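A.B. asks: Sharing entry.cif, mmCIF, C-alpha atoms:
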```
data_my_file
loop_
_atom_site.label_atom_id
_atom_site.label_comp_id
_atom_site.auth_asym_id
_atom_site.auth_seq_id
_atom_site.Cartn_x
_atom_site.Cartn_y
_atom_site.Cartn_z
CA MET B 51 93.53 91.07 148.56
CA PRO B 52 93.34 92.66 145.11
CA THR B 53 91.03 91.15 142.54
CA VAL B 54 92.52 90.76 139.10
CA SER B 55 90.66 90.27 135.84
CA MET B 56 92.10 89.52 132.44
CA THR B 57 91.29 87.60 129.30
CA VAL B 58 93.22 84.36 129.10
CA ASN B 59 93.13 82.38 125.86
CA GLY B 60 90.01 84.24 124.84
CA ARG B 61 88.07 83.60 128.05
CA PRO B 62 87.55 86.01 130.96
CA ALA B 63 89.51 85.07 134.07
CA THR B 64 89.16 86.66 137.49
CA GLY B 65 90.81 85.82 140.77
CA GLU B 66 91.92 87.14 144.12
CA VAL B 67 95.68 87.51 144.34
CA GLU B 68 98.25 89.10 146.56
CA GLY B 69 100.07 92.11 145.17
CA ARG B 70 103.21 89.97 144.99
CA THR B 71 101.55 87.11 143.06
CA LEU B 72 103.39 86.62 139.78
CA LEU B 73 101.45 86.22 136.57
CA VAL B 74 102.88 82.71 136.15
CA GLN B 75 101.61 81.75 139.60
CA PHE B 76 98.15 83.05 138.77
CA LEU B 77 98.13 81.11 135.49
CA ARG B 78 99.45 77.87 136.94
CA ASP B 79 98.09 77.77 140.48
CA GLN B 80 94.72 79.47 140.11
CA LEU B 81 93.77 78.88 136.50
CA ARG B 82 95.54 75.48 136.39
CA LEU B 83 97.14 76.34 133.07
CA THR B 84 100.30 74.39 133.81
CA GLY B 85 101.63 74.41 130.27
CA THR B 86 103.53 77.58 131.16
CA HIS B 87 106.60 76.42 133.04
CA VAL B 88 108.82 77.95 135.68
CA GLY B 89 112.43 77.13 134.90
CA CYS B 90 114.87 79.54 136.49
CA ASP B 91 112.45 81.98 138.11
CA THR B 92 115.08 84.67 137.49
CA SER B 93 113.96 86.13 134.13
CA GLN B 94 116.60 84.29 132.17
CA CYS B 95 115.44 80.92 130.83
CA GLY B 96 112.21 81.84 129.07
CA ALA B 97 110.27 78.67 129.97
CA CYS B 98 107.50 80.93 131.32
CA VAL B 99 107.01 83.07 128.20
CA VAL B 100 103.40 84.00 127.45
CA HIS B 101 101.89 86.77 125.34
CA VAL B 102 100.46 89.83 127.08
CA ASP B 103 98.58 92.07 124.65
CA GLY B 104 100.41 90.35 121.81
CA ARG B 105 103.94 90.83 123.18
CA SER B 106 106.04 87.97 124.54
CA VAL B 107 106.89 88.41 128.20
CA LYS B 108 108.46 86.33 130.94
CA SER B 109 105.50 85.66 133.18
CA CYS B 110 107.80 85.10 136.18
CA THR B 111 108.80 88.76 135.96
CA ILE B 112 105.42 90.48 135.84
CA LEU B 113 102.91 90.67 138.66
CA ALA B 114 99.47 89.25 138.04
CA VAL B 115 98.02 92.66 138.93
CA GLN B 116 100.13 94.27 136.18
CA ALA B 117 98.21 92.17 133.65
CA GLN B 118 94.89 93.62 134.82
CA GLY B 119 92.63 94.07 131.80
CA CYS B 120 95.15 92.51 129.41
CA GLU B 121 94.76 89.82 126.76
CA VAL B 122 96.95 86.90 127.80
CA THR B 123 97.75 83.94 125.57
CA THR B 124 99.45 80.84 126.94
CA ILE B 125 100.65 77.72 125.16
CA GLU B 126 97.20 76.22 125.80
CA GLY B 127 95.65 78.97 123.71
CA LEU B 128 97.55 78.29 120.50
CA ALA B 129 95.95 75.10 119.19
CA ALA B 130 92.53 75.21 117.51
CA ALA B 131 89.44 74.18 119.46
CA ASP B 132 89.41 70.81 117.70
CA GLY B 133 92.96 70.12 118.83
CA THR B 134 94.67 70.95 115.55
CA LEU B 135 98.12 72.20 116.48
CA HIS B 136 99.24 75.75 115.71
CA PRO B 137 101.69 75.68 112.77
CA MET B 138 104.56 76.50 115.13
CA GLN B 139 103.64 73.63 117.45
CA ALA B 140 103.34 71.29 114.47
CA ALA B 141 106.76 72.40 113.22
CA PHE B 142 108.38 71.69 116.60
CA ARG B 143 106.97 68.15 116.45
CA GLU B 144 107.87 67.60 112.81
CA HIS B 145 111.45 68.85 113.16
CA HIS B 146 112.13 67.28 116.55
CA GLY B 147 112.55 70.72 118.14
CA LEU B 148 112.41 69.27 121.64
CA GLN B 149 113.74 66.49 123.77
CA CYS B 150 112.57 66.79 127.37
CA GLY B 151 110.03 69.44 126.43
CA PHE B 152 110.45 71.65 129.47
CA CYS B 153 111.54 74.75 127.58
CA THR B 154 109.17 74.08 124.66
CA PRO B 155 106.11 76.14 125.71
CA GLY B 156 108.28 79.23 126.11
CA MET B 157 110.20 78.49 122.91
CA VAL B 158 106.97 78.19 120.94
CA MET B 159 105.46 81.36 122.40
CA SER B 160 108.63 83.35 121.66
CA ALA B 161 108.83 81.86 118.19
CA VAL B 162 105.24 82.78 117.35
CA GLU B 163 105.89 86.45 118.18
CA LEU B 164 109.17 86.39 116.28
CA ALA B 165 107.46 85.00 113.17
CA ARG B 166 104.61 87.50 113.40
CA ASP B 167 107.04 90.41 113.65
CA ASN B 168 109.37 89.35 110.85
CA ALA B 169 108.22 88.29 107.42
CA GLY B 170 110.91 86.22 105.75
CA LEU B 171 112.61 85.25 108.99
CA THR B 172 116.29 84.32 108.65
CA GLU B 173 118.29 81.80 110.65
CA ALA B 174 120.33 84.64 112.19
CA GLN B 175 117.12 86.38 113.28
CA VAL B 176 115.86 83.18 114.86
CA ARG B 177 119.05 82.62 116.82
CA GLU B 178 119.10 86.25 117.99
CA GLY B 179 115.34 86.24 118.61
CA LEU B 180 115.57 83.21 120.88
CA GLU B 181 118.24 84.85 123.03
CA GLY B 182 115.83 84.84 125.95
CA ASN B 183 114.98 81.14 125.78
CA LEU B 184 117.34 78.49 127.08
CA CYS B 185 117.25 74.80 126.13
CA ARG B 186 119.53 72.35 127.90
CA CYS B 187 118.86 69.34 125.61
CA THR B 188 118.84 69.93 121.89
CA GLY B 189 121.64 72.40 121.32
CA TYR B 190 119.13 74.60 119.47
CA HIS B 191 119.81 73.21 116.00
CA ASN B 192 116.44 71.54 115.58
CA ILE B 193 114.67 74.33 117.41
CA VAL B 194 115.97 76.81 114.83
CA LYS B 195 114.87 74.49 112.00
CA ALA B 196 111.45 74.16 113.60
CA VAL B 197 111.02 77.92 114.03
CA LEU B 198 111.98 78.59 110.40
CA ALA B 199 109.52 75.95 109.19
CA GLY B 200 106.82 77.13 111.57
CA ALA B 201 107.26 80.73 110.46
CA GLU B 202 106.91 79.70 106.83
CA ALA B 203 103.77 77.71 107.62
CA MET B 204 102.31 80.70 109.49
CA GLN B 205 102.95 82.94 106.47
CA GLY B 206 101.18 80.50 104.18
CA GLN B 207 98.23 80.25 106.54
CA ARG B 208 97.89 83.95 107.25
CA PRO B 209 95.09 85.88 105.56
CA ALA B 210 96.46 89.08 104.03
CA ALA B 211 94.77 91.43 106.48
CA ALA B 212 95.38 89.48 109.68
CA GLU B 213 98.09 90.25 112.23
CA MET J 273 108.99 88.30 147.78
CA TYR J 274 107.77 90.11 150.85
CA GLU J 275 104.22 91.40 150.64
CA PHE J 276 103.59 95.02 149.68
CA ALA J 277 100.63 97.23 148.90
CA TYR J 278 100.14 97.62 145.15
CA HIS J 279 98.94 100.85 143.56
CA ARG J 280 98.19 101.62 139.95
CA PRO J 281 97.70 105.38 139.60
CA ALA J 282 96.28 106.77 136.35
CA SER J 283 98.17 110.08 136.47
CA LEU J 284 101.61 111.38 137.35
CA ALA J 285 100.14 113.63 140.03
CA GLU J 286 98.53 110.65 141.71
CA ALA J 287 101.78 108.66 141.48
CA SER J 288 103.78 111.50 143.00
CA ALA J 289 101.31 111.82 145.84
CA LEU J 290 101.66 108.12 146.63
CA LEU J 291 105.47 108.32 146.63
CA THR J 292 106.01 111.67 148.33
CA GLY J 293 106.60 111.44 152.05
CA ASN J 294 106.65 107.62 152.00
CA GLU J 295 110.28 106.54 151.97
CA GLU J 296 109.32 102.87 151.97
CA ALA J 297 107.38 103.18 148.71
CA ARG J 298 109.02 102.41 145.37
CA PRO J 299 107.92 103.17 141.82
CA LEU J 300 107.54 100.17 139.49
CA ALA J 301 108.33 100.67 135.81
CA GLY J 302 109.05 97.61 133.64
CA GLY J 303 110.05 95.69 136.75
CA HIS J 304 112.87 93.74 135.17
CA THR J 305 115.35 94.78 137.82
CA LEU J 306 113.00 95.53 140.68
CA LEU J 307 110.95 92.32 140.62
CA PRO J 308 114.00 90.02 140.58
CA THR J 309 115.42 92.11 143.43
CA LEU J 310 112.22 91.68 145.42
CA LYS J 311 112.14 87.94 144.71
CA GLN J 312 115.54 87.63 146.31
CA ARG J 313 114.28 89.62 149.27
CA LEU J 314 117.03 92.16 148.76
CA ALA J 315 114.48 94.95 149.22
CA GLN J 316 111.27 95.27 151.15
CA PRO J 317 109.19 98.23 149.99
CA SER J 318 105.93 98.83 151.81
CA ASP J 319 104.22 100.02 148.63
CA LEU J 320 104.78 99.55 144.92
CA VAL J 321 103.48 102.34 142.72
CA ASP J 322 103.01 100.87 139.23
CA LEU J 323 103.61 103.54 136.57
CA GLY J 324 102.22 101.29 133.81
CA GLY J 325 98.79 102.89 133.81
CA ILE J 326 99.97 106.46 133.19
CA ALA J 327 99.37 107.25 129.54
CA GLU J 328 101.35 110.51 129.59
CA LEU J 329 104.57 108.61 130.30
CA LYS J 330 104.44 106.61 127.07
CA GLY J 331 105.32 107.57 123.55
CA ILE J 332 107.95 108.81 121.14
CA ARG J 333 107.82 112.14 119.34
CA GLU J 334 110.00 114.34 117.19
CA GLU J 335 110.97 117.56 118.96
CA ALA J 336 113.32 120.33 117.79
CA GLY J 337 114.93 118.02 115.27
CA GLY J 338 115.65 115.41 117.94
CA ILE J 339 113.56 112.83 119.73
CA THR J 340 111.65 112.87 122.99
CA ILE J 341 110.78 109.55 124.60
CA GLY J 342 108.38 108.98 127.49
CA ALA J 343 109.78 107.28 130.57
CA MET J 344 107.53 104.22 130.31
CA THR J 345 108.37 103.54 126.65
CA THR J 346 109.81 100.05 126.30
CA HIS J 347 113.17 99.24 124.76
CA GLY J 348 111.33 97.25 122.10
CA ALA J 349 109.19 100.26 121.16
CA VAL J 350 112.29 102.44 120.82
CA ALA J 351 114.10 99.80 118.77
CA HIS J 352 111.25 99.48 116.27
CA ASP J 353 110.11 103.09 116.08
CA GLN J 354 110.43 104.53 112.58
CA THR J 355 111.09 108.07 113.84
CA VAL J 356 113.97 106.90 116.03
CA ARG J 357 115.31 104.74 113.21
CA ARG J 358 115.21 107.72 110.84
CA LEU J 359 116.61 110.44 113.11
CA ILE J 360 118.96 108.62 115.50
CA PRO J 361 119.56 105.08 114.23
CA ALA J 362 122.31 104.54 116.81
CA LEU J 363 119.68 104.91 119.54
CA ALA J 364 117.46 102.28 117.93
CA ASP J 365 120.47 99.98 117.58
CA LEU J 366 121.34 100.43 121.24
CA ALA J 367 117.77 99.66 122.35
CA GLU J 368 117.66 96.58 120.10
CA GLY J 369 120.74 95.21 121.87
CA ILE J 370 119.38 95.40 125.42
CA GLY J 371 118.77 92.03 127.08
CA ASP J 372 116.51 89.76 125.07
CA ARG J 373 113.17 90.21 123.26
CA GLN J 374 111.11 89.61 126.38
CA VAL J 375 113.19 92.03 128.44
CA ARG J 376 112.82 94.62 125.68
CA ASN J 377 109.05 94.11 125.67
CA ARG J 378 108.82 95.09 129.33
CA GLY J 379 111.90 97.10 130.29
CA THR J 380 111.61 100.87 130.03
CA LEU J 381 113.85 103.86 129.37
CA GLY J 382 112.82 105.58 132.60
CA GLY J 383 113.29 102.47 134.69
CA SER J 384 116.71 101.80 133.24
CA ILE J 385 118.12 105.27 133.77
CA SER J 386 116.56 105.69 137.23
CA ASN J 387 118.21 102.45 138.33
CA ASN J 388 121.54 103.48 136.77
CA ASP J 389 123.02 100.01 136.68
CA PRO J 390 126.72 100.48 135.85
CA ALA J 391 126.31 97.96 132.98
CA ALA J 392 123.11 99.44 131.50
CA ASP J 393 123.20 100.63 127.88
CA TYR J 394 121.01 103.75 127.95
CA PRO J 395 123.31 105.93 130.09
CA ALA J 396 125.85 105.86 127.24
CA ALA J 397 123.22 107.22 124.86
CA LEU J 398 122.05 109.95 127.20
CA VAL J 399 125.55 111.22 127.94
CA GLY J 400 126.79 110.63 124.40
CA PHE J 401 123.99 112.68 122.86
CA GLY J 402 123.86 115.32 125.59
CA ALA J 403 120.28 114.38 126.43
CA VAL J 404 118.10 116.15 128.96
CA VAL J 405 116.11 114.24 131.58
CA ARG J 406 112.76 115.88 132.32
CA THR J 407 111.37 114.92 135.70
CA THR J 408 108.26 115.80 137.65
CA ALA J 409 110.27 118.67 139.16
CA ARG J 410 112.88 119.93 136.69
CA GLU J 411 115.17 119.35 133.73
CA ILE J 412 118.49 117.62 134.41
CA PRO J 413 121.35 117.39 131.87
CA ALA J 414 122.36 113.74 131.46
CA GLU J 415 125.85 114.31 132.81
CA ASP J 416 124.41 115.65 136.06
CA PHE J 417 121.74 112.94 136.24
CA PHE J 418 124.03 109.91 136.63
CA THR J 419 125.87 110.50 139.89
CA GLY J 420 127.33 107.09 140.80
CA MET J 421 126.81 103.35 140.90
CA PHE J 422 123.02 102.82 141.09
CA GLU J 423 122.71 106.49 142.00
CA THR J 424 121.10 109.41 140.22
CA ALA J 425 120.24 113.03 140.93
CA LEU J 426 116.58 112.09 141.49
CA GLU J 427 115.17 113.20 144.83
CA PRO J 428 112.79 110.95 146.78
CA GLY J 429 109.40 111.00 145.07
CA GLU J 430 110.80 112.62 141.91
CA LEU J 431 109.99 110.69 138.73
CA VAL J 432 111.42 110.79 135.23
CA ARG J 433 108.74 111.99 132.81
CA GLU J 434 110.65 111.86 129.54
CA VAL J 435 114.08 112.20 127.97
CA HIS J 436 114.92 114.55 125.12
CA PHE J 437 117.71 113.41 122.81
CA PRO J 438 119.20 116.04 120.48
CA ARG J 439 119.99 114.56 117.10
CA PRO J 440 123.70 113.90 116.51
CA ASP J 441 125.17 114.40 113.04
CA ARG J 442 126.59 110.92 113.30
CA ALA J 443 126.74 108.35 116.04
CA ALA J 444 127.31 104.68 116.66
CA TYR J 445 127.25 102.34 119.64
CA ALA J 446 129.43 99.30 120.12
CA LYS J 447 129.30 96.99 123.09
CA PHE J 448 130.90 93.85 124.34
CA PRO J 449 127.91 92.07 125.86
CA ASN J 450 128.07 89.62 128.70
CA PRO J 451 127.16 86.44 126.79
CA ALA J 452 124.57 85.37 129.37
CA SER J 453 122.85 88.59 130.45
CA ARG J 454 123.61 90.83 127.44
CA TYR J 455 124.50 93.59 129.87
CA ALA J 456 127.44 95.67 128.67
CA VAL J 457 130.80 94.48 129.96
CA VAL J 458 131.78 97.65 128.14
CA GLY J 459 129.65 99.78 125.82
CA VAL J 460 130.79 102.91 124.01
CA MET J 461 128.67 105.53 122.26
CA VAL J 462 130.54 107.85 119.94
CA ALA J 463 128.63 110.86 118.68
CA GLN J 464 129.40 114.01 116.77
CA ARG J 465 127.22 117.10 116.77
CA GLY J 466 128.54 120.20 115.08
CA GLY J 467 132.12 120.59 116.23
CA GLU J 468 131.64 118.52 119.37
CA VAL J 469 132.53 114.87 119.70
CA ARG J 470 131.42 112.81 122.66
CA VAL J 471 132.61 109.38 123.70
CA ALA J 472 130.43 107.98 126.48
CA VAL J 473 131.43 104.76 128.19
CA THR J 474 129.16 102.42 130.15
CA GLY J 475 129.94 99.11 131.87
CA ALA J 476 133.56 99.98 132.53
CA GLY J 477 133.28 102.20 135.59
CA PRO J 478 130.91 102.66 138.55
CA SER J 479 128.77 104.91 136.35
CA VAL J 480 128.79 106.21 132.78
CA PHE J 481 131.70 108.56 131.97
CA ARG J 482 133.16 110.49 129.03
CA TRP J 483 136.51 109.46 127.60
CA THR J 484 137.72 112.97 126.93
CA ASP J 485 141.11 112.06 125.41
CA ALA J 486 139.26 110.13 122.72
CA GLU J 487 136.88 113.03 122.14
CA VAL J 488 139.78 115.38 121.43
CA ALA J 489 141.47 112.85 119.16
CA LEU J 490 138.31 112.15 117.16
CA ALA J 491 137.45 115.83 116.81
CA GLY J 492 140.72 116.24 114.93
CA ASN J 493 140.56 112.99 112.99
CA TRP J 494 137.39 110.91 112.77
CA SER J 495 138.92 107.48 112.29
CA PRO J 496 139.64 104.41 114.43
CA ALA J 497 143.36 105.07 113.93
CA ALA J 498 143.01 108.36 115.83
CA LEU J 499 142.62 106.28 119.02
CA ASP J 500 145.62 104.02 118.45
CA ALA J 501 148.03 106.00 120.61
CA LEU J 502 145.59 106.42 123.52
CA GLN J 503 145.39 104.29 126.63
CA VAL J 504 142.61 104.06 129.19
CA ASP J 505 143.69 104.05 132.82
CA ALA J 506 142.35 100.91 134.56
CA ASP J 507 142.47 102.64 137.94
CA GLY J 508 138.96 102.88 139.34
CA LEU J 509 137.33 100.70 136.69
CA ASN J 510 135.10 97.75 137.58
CA SER J 511 136.64 94.36 138.21
CA ASP J 512 134.49 91.25 138.66
CA ILE J 513 134.17 87.62 137.56
CA HIS J 514 133.35 88.76 134.02
CA ALA J 515 136.35 91.00 133.40
CA SER J 516 139.25 92.61 135.22
CA ALA J 517 139.69 96.38 135.30
CA GLU J 518 142.65 96.07 132.90
CA TYR J 519 140.57 94.03 130.46
CA ARG J 520 137.77 96.56 130.63
CA ALA J 521 140.23 99.40 130.04
CA ASN J 522 141.38 97.71 126.86
CA LEU J 523 137.77 97.00 125.82
CA VAL J 524 136.92 100.70 126.06
CA LYS J 525 139.43 101.44 123.34
CA VAL J 526 138.43 98.44 121.22
CA MET J 527 134.71 99.25 121.42
CA ALA J 528 135.33 102.95 120.72
CA LYS J 529 137.29 102.03 117.59
CA ARG J 530 134.56 99.63 116.46
CA ALA J 531 131.92 102.29 116.96
CA VAL J 532 133.88 104.84 114.92
CA ALA J 533 134.47 102.25 112.21
CA GLN J 534 130.70 101.82 111.78
CA ILE J 535 130.28 105.39 110.55
CA PRO J 536 132.77 106.72 107.99
#
```
Would it be possible to restate this file's structure as structure tokens?
C.D. replies:
Amino acid sequence: MPTVSMTVNGRPATGEVEGRTLLVQFLRDQLRLTGTHVGCDTSQCGACVVHVDGRSVKSCTILAVQAQGCEVTTIEGLAAADGTLHPMQAAFREHHGLQCGFCTPGMVMSAVELARDNAGLTEAQVREGLEGNLCRCTGYHNIVKAVLAGAEAMQGQRPAAAE
Amino acid sequence: MYEFAYHRPASLAEASALLTGNEEARPLAGGHTLLPTLKQRLAQPSDLVDLGGIAELKGIREEAGGITIGAMTTHGAVAHDQTVRRLIPALADLAEGIGDRQVRNRGTLGGSISNNDPAADYPAALVGFGAVVRTTAREIPAEDFFTGMFETALEPGELVREVHFPRPDRAAYAKFPNPASRYAVVGVMVAQRGGEVRVAVTGAGPSVFRWTDAEVALAGNWSPAALDALQVDADGLNSDIHASAEYRANLVKVMAKRAVAQIP
């Protein structure tokens, strides 16, 4: 079986996988990072979104071996070491951007990339940018509010030279 | 997913060697059609040859006034590239409208056109702009490349290296997206280059096609009204749960008019 190595949430991770092992299976089953969820398993719902080399991807639609050598960030990698939530996580809590919470890890990971890519994010951009994430509880209204607030908080926190 | 042997070649030559003579092997680009297909066990390749490690397949460059894009360049990279935005904004717009952000971060130009899904967006750009597909073996004009539903002129083992898009004088793309998948129920690229107008239609038929009546009408009068008197024949168009052939025929005209209206 192929051996795969990548950096996950800043730490090296290595494991033996089959060629057909999906990245989400490697993260959940081998690394026990179960914050990344499998919703539809058909590339549509976005519950499994993680960052691979800084880009949001659906981890149910990439093989673990395709992430060889990559920097992977999951929902577990967002908060600070002391447990302080990432501004986007804090905004989801503050603005009640979740009910059952199943879609939330993917929502937050997509939202973080969206905010990084777009200074001065607009509501229209948020709604379009979350096209790949489905929520079956909230109707998106509070999610959009949370993303806008989280994006603003990220801007305030960001040092000028950082990504 | 059935098990397969995974390969990650570092060069095109190595990839071709792995694919040539092995009919059960399949190339893997962005994987956003192939992996879902494998998950459903609708295909069982013996080997997957991942093209993601081949540096020469990535990148966007200006060439002869137009743009050349490597096969493994993602839709997201095309959508946000400043050279594309400057020279052929309609191409950036089209790429920005494919799927969702996560699909655009993985899906590739080469993968999309090699699959030739009848509802894919890129075929309309290639045919609309008169692009040339450069493969490991030859150069293929876009109109000869797309040969039918999920079929292309590619021979077994032949890989798309890059696509060259000549720059149109003006162009715009309008599509009616499926609200769930964002695939084109119908998408129309209108483009003018010198005295030639092209109207390329995706989503409506088994494969991309040119609406020649509209091309003639627009060459004489570049305005949405020039298409008012035309009708698209529904015969042979796609009919499924999303739209009937008659509905698609009407959408072709509506989308063509919307595209023309974007560029005075």
A.B. asks: Pick out the residues sitting within 8 Å of range 484-501 of chain J, and hand them over as a ChimeraX atom specification; count only C-alpha atoms, and ignore anything fewer than 4 positions along from it in its own chain.
C.D. replies: /J:467-471,525,528-530,532-533,536
A.B. asks: Residues of chain J within 7 Å of chain B: nearest atom pair and distance (Å, one decimal) for each, counting only C-alpha atoms, sorted by chain and number, as a tab-separated table?
C.D. replies:
```
residue	atom	partner	partner_atom	distance
J:Met273	CA	B:Arg70	CA	6.6
J:Glu275	CA	B:Arg70	CA	5.9
J:Phe276	CA	B:Gly69	CA	6.4
J:Ala277	CA	B:Gly69	CA	6.4
J:Tyr278	CA	B:Gly69	CA	5.5
J:His304	CA	B:Thr111	CA	6.5
J:Leu307	CA	B:Thr111	CA	6.2
J:Pro308	CA	B:Thr92	CA	6.3
J:Asp372	CA	B:Gly182	CA	5.0
J:Arg373	CA	B:Gly179	CA	6.5
J:Gln374	CA	B:Val107	CA	4.7
J:Asn377	CA	B:Arg105	CA	6.6
```
A.B. asks: Mind listing as an MDAnalysis selection string all residues within 12 Å of (118.6, 100.2, 123.4), counting all atoms listed in the file?
C.D. replies: chainID J and resid 345:353 356:357 360:373 375:377 379:381 384:385 392:398 444:447 454:456 459 461
A.B. asks: With a distance cut-off of 8 Å and all atoms listed in the file, select the neighbouring residues of Val194 in chain B, excluding the residue or stretch itself and same-chain residues fewer than 5 positions from it, and output the selection as an MDAnalysis selection string.
C.D. replies: chainID B and resid 147 173 176:177
A.B. asks: Could you name the residues that touch Leu83 in chain B at 12 Å or less, counting all atoms listed in the file, but leaving out those on the same chain fewer than 6 positions away, as a count of residues only?
C.D. replies: 17
A.B. asks: Identify which of the residues B:Gly60, B:Gly65, B:Gly200, B:Gly206 lies closest to Met157 in chain B, counting all atoms listed in the file when measuring atom-to-atom distances.
C.D. replies: B:Gly200
A.B. asks: Place a sphere of radius 10 Å on (138.5, 98.4, 126.1) in the file coordinates and name every protein, DNA or RNA residue with an atom inside or on its surface, counting all atoms listed in the file; give the answer as a PyMOL selection string.
C.D. replies: chain J and resi 447-448+457-460+473+476+503-504+506+517-529
A.B. asks: Find the spatial neighbours of Phe142 in chain B, counting only C-alpha atoms, within a cut-off of 8 Å - ignore same-chain residues fewer than 2 positions away - and output them as a PyMOL selection string.
C.D. replies: chain B and resi 138-140+144-148+158+193+196-197+200
A.B. asks: I need the residue set behind the PyMOL selection byres ((chain J and resi 478) around 9) for this file; please write it as a list in words.
C.D. replies: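 After applying the PyMOL selection byres ((chain J and resi 478) around 9), what remains is Asp389, Pro390, Ala391, Gly420, Met421, Phe422, Thr474, Gly475, Ala476, Gly477, Ser479, Val480, Phe481, Gly508, Leu509 and Asn510 of chain J.
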A.B. asks: Pick from B:Thr53, B:Ala131, B:Cys120, B:Gly151: nearest to Arg186 in chain B, with only C-alpha atoms counted?
C.D. replies: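 Ranking B:Thr53, B:Ala131, B:Cys120, B:Gly151 by distance to Arg186 in chain B, first place goes to B:Gly151.
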A.B. asks: Identify, on the basis of all atoms listed in the file, every residue whose closest approach to range 431-443 of chain J does not exceed 9 Å; exclude the query and any residue fewer than 3 positions from it along the same chain; express the result as a ChimeraX atom specification.
C.D. replies: /J:284,287-288,299,328-330,335-344,359-363,381-383,385-386,397-398,400-409,426-428,461-466,531-532,534-535
A.B. asks: Find the axis-aligned box for range 274-293 of chain J, covering all its listed atoms and adding 4 Å on each side, and write its centre and edge lengths in Å to one decimal as JSON.
C.D. replies:
```
{"center_x": 102.0, "center_y": 101.9, "center_z": 144.2, "size_x": 19.5, "size_y": 31.5, "size_z": 23.7}
```
A.B. asks: Quick one: pull the distance between CA of Ala114 in chain B and CA of His136 in chain B, Å, one decimal.
C.D. replies: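 Interatomic distance here is 26.1 Å.
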A.B. asks: Using CA of Cys185 in chain B and CA of Phe152 in chain B as the two end points, give the distance in Å to one decimal.
C.D. replies: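 That distance, rounded to one decimal, is 8.2 Å.
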A.B. asks: What is the distance between CA of Arg298 in chain J and CA of Asp79 in chain B, in Å to one decimal?
C.D. replies: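 Computed distance, CA of Arg298 in chain J to CA of Asp79 in chain B, equals 27.4 Å.
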A.B. asks: Would you write out, as a list in words, every residue that the PyMOL selection byres ((chain B and resi 170) around 12) captures in this file?
C.D. replies: Leu164, Ala165, Arg166, Asp167, Asn168, Ala169, Leu171, Thr172, Glu173, Ala174, Gln175, Val176, Val197, Leu198, Ala199, Gly200, Ala201, Glu202, Ala203, Met204, Gln205 and Gly206 of chain B
A.B. asks: Using the partial input, fill out range 80-89 of chain B with N, CA, C and O atoms; write the result as a short mmCIF file (atom, residue, chain, number, x, y, z; two decimals), in the frame of the given file.
C.D. replies:
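The resulting selection-v1.cif:
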```
data_model
loop_
_atom_site.label_atom_id
_atom_site.label_comp_id
_atom_site.auth_asym_id
_atom_site.auth_seq_id
_atom_site.Cartn_x
_atom_site.Cartn_y
_atom_site.Cartn_z
N GLN B 80 96.15 79.16 139.99
CA GLN B 80 94.72 79.47 140.11
C GLN B 80 93.94 79.03 138.89
O GLN B 80 92.86 78.50 139.00
N LEU B 81 94.50 79.27 137.71
CA LEU B 81 93.77 78.88 136.50
C LEU B 81 94.11 77.45 136.06
O LEU B 81 93.49 76.92 135.15
N ARG B 82 95.11 76.84 136.69
CA ARG B 82 95.54 75.48 136.39
C ARG B 82 96.03 75.33 134.96
O ARG B 82 95.89 74.27 134.35
N LEU B 83 96.54 76.39 134.41
CA LEU B 83 97.14 76.34 133.07
C LEU B 83 98.64 76.05 133.27
O LEU B 83 99.47 76.93 133.28
N THR B 84 98.94 74.77 133.42
CA THR B 84 100.30 74.39 133.81
C THR B 84 101.22 74.16 132.62
O THR B 84 102.34 73.68 132.79
N GLY B 85 100.74 74.50 131.43
CA GLY B 85 101.63 74.41 130.27
C GLY B 85 102.74 75.43 130.33
O GLY B 85 103.83 75.22 129.80
N THR B 86 102.49 76.56 130.97
CA THR B 86 103.53 77.58 131.16
C THR B 86 104.41 77.13 132.31
O THR B 86 103.93 76.89 133.41
N HIS B 87 105.70 76.99 132.04
CA HIS B 87 106.60 76.42 133.04
C HIS B 87 107.42 77.48 133.76
O HIS B 87 107.66 78.56 133.22
N VAL B 88 107.85 77.13 134.96
CA VAL B 88 108.82 77.95 135.68
C VAL B 88 110.15 77.20 135.65
O VAL B 88 110.25 76.09 136.18
N GLY B 89 111.12 77.78 134.98
CA GLY B 89 112.43 77.13 134.90
C GLY B 89 113.37 77.73 135.91
O GLY B 89 113.63 77.15 136.97
#
```
